[in-house]
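So the structure is just underneath, and the comments pick up after that.
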Amino acid sequence: MLTVIGEHPLATDESGKLKSHIGTYFVRTHTLVSLPGLPHVFQQMKYRAILQEQREREKKPAMSEDEWMAISESAVDLIMRLPYVLIRPVPDAMDLAYRADEELQELIPKHLIRFLHAHNGKVQQAIRERGEYWRISFPPADKELIVKEIQASLVSIGGLPLYYYNPVTGIRYLTVDKFASLETLGDEELRRHLLEIRDYCLRRNRSFHYEIDFFEANGDTTRKMFAALTDLETMDPASIRAAFRQLLEHARESVPPTLQTDDVENPVWRQKIFACISDDQNDIRSDTMVKELSPEFFRQIFWHPGAKIENGVLVFDPIFEYAQRHPEMKDLANLCDERIKSFICNYVREYGTLQYINIGGILPGLRQQAPVGGHRSYIAEVMYKGAQKPLLKILRIQRWGVQERLDDGKDLLRAIMESFDYTEYTTNRRFGCWELGMPIPISQRTNLISETYQGKQEKYHTTPIWTVYFERDFIGGVATDKILDVDLKDLQFSLRLAQLLGQVAAPNLVVGRTDTAGRVTYDSGDEVVVFDEHHMPARIVVADHAGTFRDVENPYSHFVEGYARPVVSRWNKVPDPVAFMRNYLDEFLMRLLQMRTTHRQSPHVFDELFQHSRQGEGTFADRWRHVLTRLEEADVALFIRQLEERILASVKES
């Protein structure tokens, strides 16, 4: 049985504040010491004294040094931060951390116990192999919330609000951009701010963190440079300016160019500064554990409990059973996604013995034009026995399935039939995109999981239904709409990007890709730029072909506004906007002409592709015919001229 000396780890006072922020768990004696106000080392000393007093009362010999060492070496540090108890593991003794975790669950539900030190490779691997990314990850946060927190964190000390403040550590972070802004100040104001930075960057707070630290720079070197300014109080203005310029030059040399401007639209800068103001040095963060993920995935994945493999046997996380016993706990219901278990079973059926698997839900915020009702998407990291490295997969639930059709009032049989008809329609769309040269992922699997219906039609409650999902490989790269401004400023980079955007825009236009409101879906989160070894755009892959073949009636001129946007939105960001536009339009036209030539060379091949599919008005076969006819009859040169006119007019209007 677990013994508690002090407070329950999550006990609060009348104002709702934790009574104790520090705890020490002794695995060998199954004892938790959480005496308020005592740091870990003093908690160990206090516990040793308690054990010694107990021996004296029981008239037993005094505890030897070896006996105490055996107990103290089993100690695991805890940090309490509502609503969690955070375990700070020793990387070389993860078994102790996990034993503490299991025993603490007598007091605290598992989902309220998390792990620190996720930046350590040994801790990462131990967590990864247990399928427990969710134990070290932050809850997701959308871009708007992150931006608000960044802006609200700006504080001053005695002068201008230059610093991004972390309330947990007390560290104020100074960026290159904010430091460079001091250049416009008068001589005495500049002196005053440099004195402030010098004094506070050398001073530690009560948590033993520096009062000021330097964002992404070499802090030790920078502090030494400031410490050398011992005569700053008496320097003449010219010497102050020279010292400032030397410090600024050092900052710019030590910080990557992508992080030298405070830009909340830059996902890399946004991710890193938000991590600074919301984490401390030991805090829980798993965003960098999956190396292939780009910065746009920061705080966009909700990792779920899954399963671990013990002696070759798949063992689902017991938290699923706990959630079933406590339906009143809504946070548990969100955490324990039953689909995860079905996904894992499908992977076991496919690959046999797994080594580990982690699956998380992807927030819809990664797409600018997420469809109404939203696709439910997941990311899976799967390592199976014999593999050289883990597989990284994207899973997307079919939008219109049995669940949605039952909710729409259909009877069960019709809901099933229409759902599988839609699956065929979706896979036919992919086939059509492929034939017309849209650069979609090479392979996509269609799979099923069984779920229990609990929707709007009560008579079907508890009825097992099939849910269709599609699986593809993760595409490493950056979405076109999230390319950094610093990259766009490079002439060669921007011109190459324009060519690729034009090439991919052509099949996107031909297949009539729009959203439900009829707006063009392009350059909005689904198009991923893959880079070469020199960080130059090599190709674009359309990760999701949703919305294709939706508008097959309107002439190409109807879509001019939507296809002008990729150029207009970058006009003021690229070094040569006219050349950018020219590259985009030239590639757009060339690709349209190539597509029409290919069709004319073998019209019967294209015409017969979907003869085997359902026929009739509104079917995919019907839409396919409309798309081919429109391509054949369109004046593509006129469309490109209209597109150029629209771009120039939009730029002039703005």
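Please note that chains go A, B, ... in the order of the structure tokens, that every chain numbers its residues from 1, and that ligands are numbered from 1 in the order shown.
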
Check: So which bits of region 295-504 of chain A end up strand (DSSP E or B) when you DSSP the backbone, as a ChimeraX atom specification?
Finding: /A:301-304,307-310,313-316,354-362,377-384,391-397,445-452,464-473,478-479

Check: Near Lys341 (chain A), counting only C-alpha atoms, which residues have an atom at most 8 Å away, once you skip same-chain residues fewer than 6 positions from it, shown as a ChimeraX atom specification?
Finding: /A:306-307,316

Can you spit out the residues from that selection as a PDB file, in the first residue's frame, using N, CA and C atoms?
ATOM      1  N   GLY A 306      -2.923   4.330 -26.666  1.00  0.00           N
ATOM      2  CA  GLY A 306      -3.043   3.247 -27.636  1.00  0.00           C
ATOM      3  C   GLY A 306      -2.739   1.911 -27.015  1.00  0.00           C
ATOM      4  N   ALA A 307      -1.566   1.379 -27.303  1.00  0.00           N
ATOM      5  CA  ALA A 307      -1.192   0.055 -26.809  1.00  0.00           C
ATOM      6  C   ALA A 307       0.320  -0.043 -26.736  1.00  0.00           C
ATOM      7  N   PHE A 316      -3.581  -3.247 -24.768  1.00  0.00           N
ATOM      8  CA  PHE A 316      -4.164  -1.917 -24.849  1.00  0.00           C
ATOM      9  C   PHE A 316      -4.013  -1.195 -23.522  1.00  0.00           C
TER      10      PHE A 316
END

Notebook entry, point to check: Using only C-alpha atoms, which residues sit within 12 Å of Gln492 (chain A) once same-chain residues fewer than 2 positions away are excluded, as a PyMOL selection string?
Noted result: chain A and resi 487-490+494-499+534-537+574-576+579-580+583

Dump of C-alpha atoms for the selected residues, as a CSV table (one decimal), in the first residue's frame:
chain,number,residue,atom,x,y,z
A,487,ASP,CA,12.6,31.8,-48.3
A,488,LEU,CA,10.4,33.8,-50.7
A,489,LYS,CA,12.9,36.6,-50.6
A,490,ASP,CA,15.4,34.4,-52.4
A,494,SER,CA,10.7,32.1,-55.5
A,495,LEU,CA,10.9,31.6,-59.2
A,496,ARG,CA,11.2,27.9,-58.8
A,497,LEU,CA,8.1,27.9,-56.5
A,498,ALA,CA,6.2,29.9,-59.1
A,499,GLN,CA,6.9,27.3,-61.7
A,534,HIS,CA,19.8,22.6,-51.1
A,535,HIS,CA,16.4,23.6,-49.7
A,536,MET,CA,15.1,24.5,-53.1
A,537,PRO,CA,11.6,23.5,-54.1
A,574,VAL,CA,9.1,38.1,-53.6
A,575,PRO,CA,12.0,40.1,-55.0
A,576,ASP,CA,10.7,40.1,-58.6
A,579,ALA,CA,9.0,37.4,-63.0
A,580,PHE,CA,7.2,35.4,-60.4
A,583,ASN,CA,6.9,31.9,-64.4

Margin query: According to DSSP computed on the backbone, where in region 351-570 of chain A is there helix (DSSP H, G or I)? Give the residues as a PyMOL selection string.
Written below: chain A and resi 351+364-366+402-407+412-435+458-460+480-482+485-488+491-510+556-568

Margin query: List as a PyMOL selection string the protein and nucleic acid residues near Leu631 (chain A), meaning an atom at most 9 Å away when only C-alpha atoms are counted, but skip any in the same chain fewer than 5 places from it.
Written below: chain A and resi 510+556+592+595-596+599+626+636

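The spacing separating CA of Phe559 (chain A) from CA of Leu609 (chain A) amounts to 26.5 Å.
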
Checklist line | Nearby residues (only C-alpha atoms) at most 10 Å from Asp262 (chain A), same-chain spacing under 2 positions excluded, as a list in words | finding: Thr175, Val176, Asp177, Lys178, Thr258, Leu259, Gln260, Val264, Glu265, Asn266, Trp269, Arg270 and Ile273 of chain A

Output for the residues just chosen: N, CA and C atoms as a compact mmCIF listing (two decimals), in the first residue's frame:
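Printed below is selection-v7.txt as written:
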# COMPACT_ATOMS: atom_id res chain seq x y z
N THR A 175 14.63 38.87 -28.09
CA THR A 175 14.87 38.41 -29.46
C THR A 175 15.80 39.38 -30.19
N VAL A 176 16.34 38.93 -31.30
CA VAL A 176 17.19 39.78 -32.14
C VAL A 176 16.40 41.00 -32.61
N ASP A 177 15.15 40.75 -33.02
CA ASP A 177 14.32 41.83 -33.54
C ASP A 177 14.11 42.93 -32.49
N LYS A 178 13.77 42.52 -31.29
CA LYS A 178 13.53 43.50 -30.23
C LYS A 178 14.82 44.22 -29.86
N THR A 258 15.86 32.75 -40.16
CA THR A 258 14.41 32.56 -40.05
C THR A 258 13.86 32.97 -38.70
N LEU A 259 14.75 33.20 -37.72
CA LEU A 259 14.30 33.53 -36.36
C LEU A 259 14.72 34.94 -35.94
N GLN A 260 15.19 35.74 -36.88
CA GLN A 260 15.66 37.07 -36.52
C GLN A 260 14.58 38.13 -36.59
N VAL A 264 4.65 36.44 -36.11
CA VAL A 264 3.74 35.38 -35.67
C VAL A 264 3.22 34.57 -36.84
N GLU A 265 3.39 35.08 -38.07
CA GLU A 265 2.98 34.32 -39.25
C GLU A 265 4.05 33.32 -39.67
N ASN A 266 5.23 33.43 -39.11
CA ASN A 266 6.32 32.49 -39.37
C ASN A 266 6.14 31.31 -38.40
N TRP A 269 9.26 30.56 -36.04
CA TRP A 269 9.44 31.53 -34.96
C TRP A 269 8.31 31.39 -33.94
N ARG A 270 7.08 31.27 -34.43
CA ARG A 270 5.91 31.17 -33.54
C ARG A 270 6.04 29.96 -32.62
N ILE A 273 9.13 30.57 -29.97
CA ILE A 273 8.91 31.57 -28.93
C ILE A 273 7.78 31.14 -28.01

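Using only C-alpha atoms, the protein and nucleic acid residues lying no more than 12 Å from region 93-95 of chain A, apart from those fewer than 6 places from it along its own chain, are Val27, Glu73, Ser74, Ala75, Val76, Ile87, Asp101, Glu102, Phe115, Leu116, His117, Asn120, Gly121, Lys122, Val123, Gln124, Gln125, Ala126, Ile127 and Arg130 of chain A.
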
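Closest approach to Glu296 (chain A) from the set A:Val627, A:Leu484, A:Ala251, A:Ala517 is made by A:Leu484, with distances taken over only C-alpha atoms.
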
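Relative to CA of Thr427 (chain A), CA of Val348 (chain A) is found at 24.6 Å.
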
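Nearest to Thr24 (chain A) of all the residues A:Asn358, A:Gln43, A:Thr12, A:Thr480 is A:Gln43, counting only C-alpha atoms.
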
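The residue that comes closest to Pro555 (chain A), out of A:Arg630, A:Lys110, A:Lys573, A:Arg646 and on the basis of only C-alpha atoms, is A:Arg630.
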
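Proximity ranking of A:Gln246, A:Ser450, A:Gln105, A:Ser64 relative to Met225 (chain A) places A:Gln246 first, based on only C-alpha atoms.
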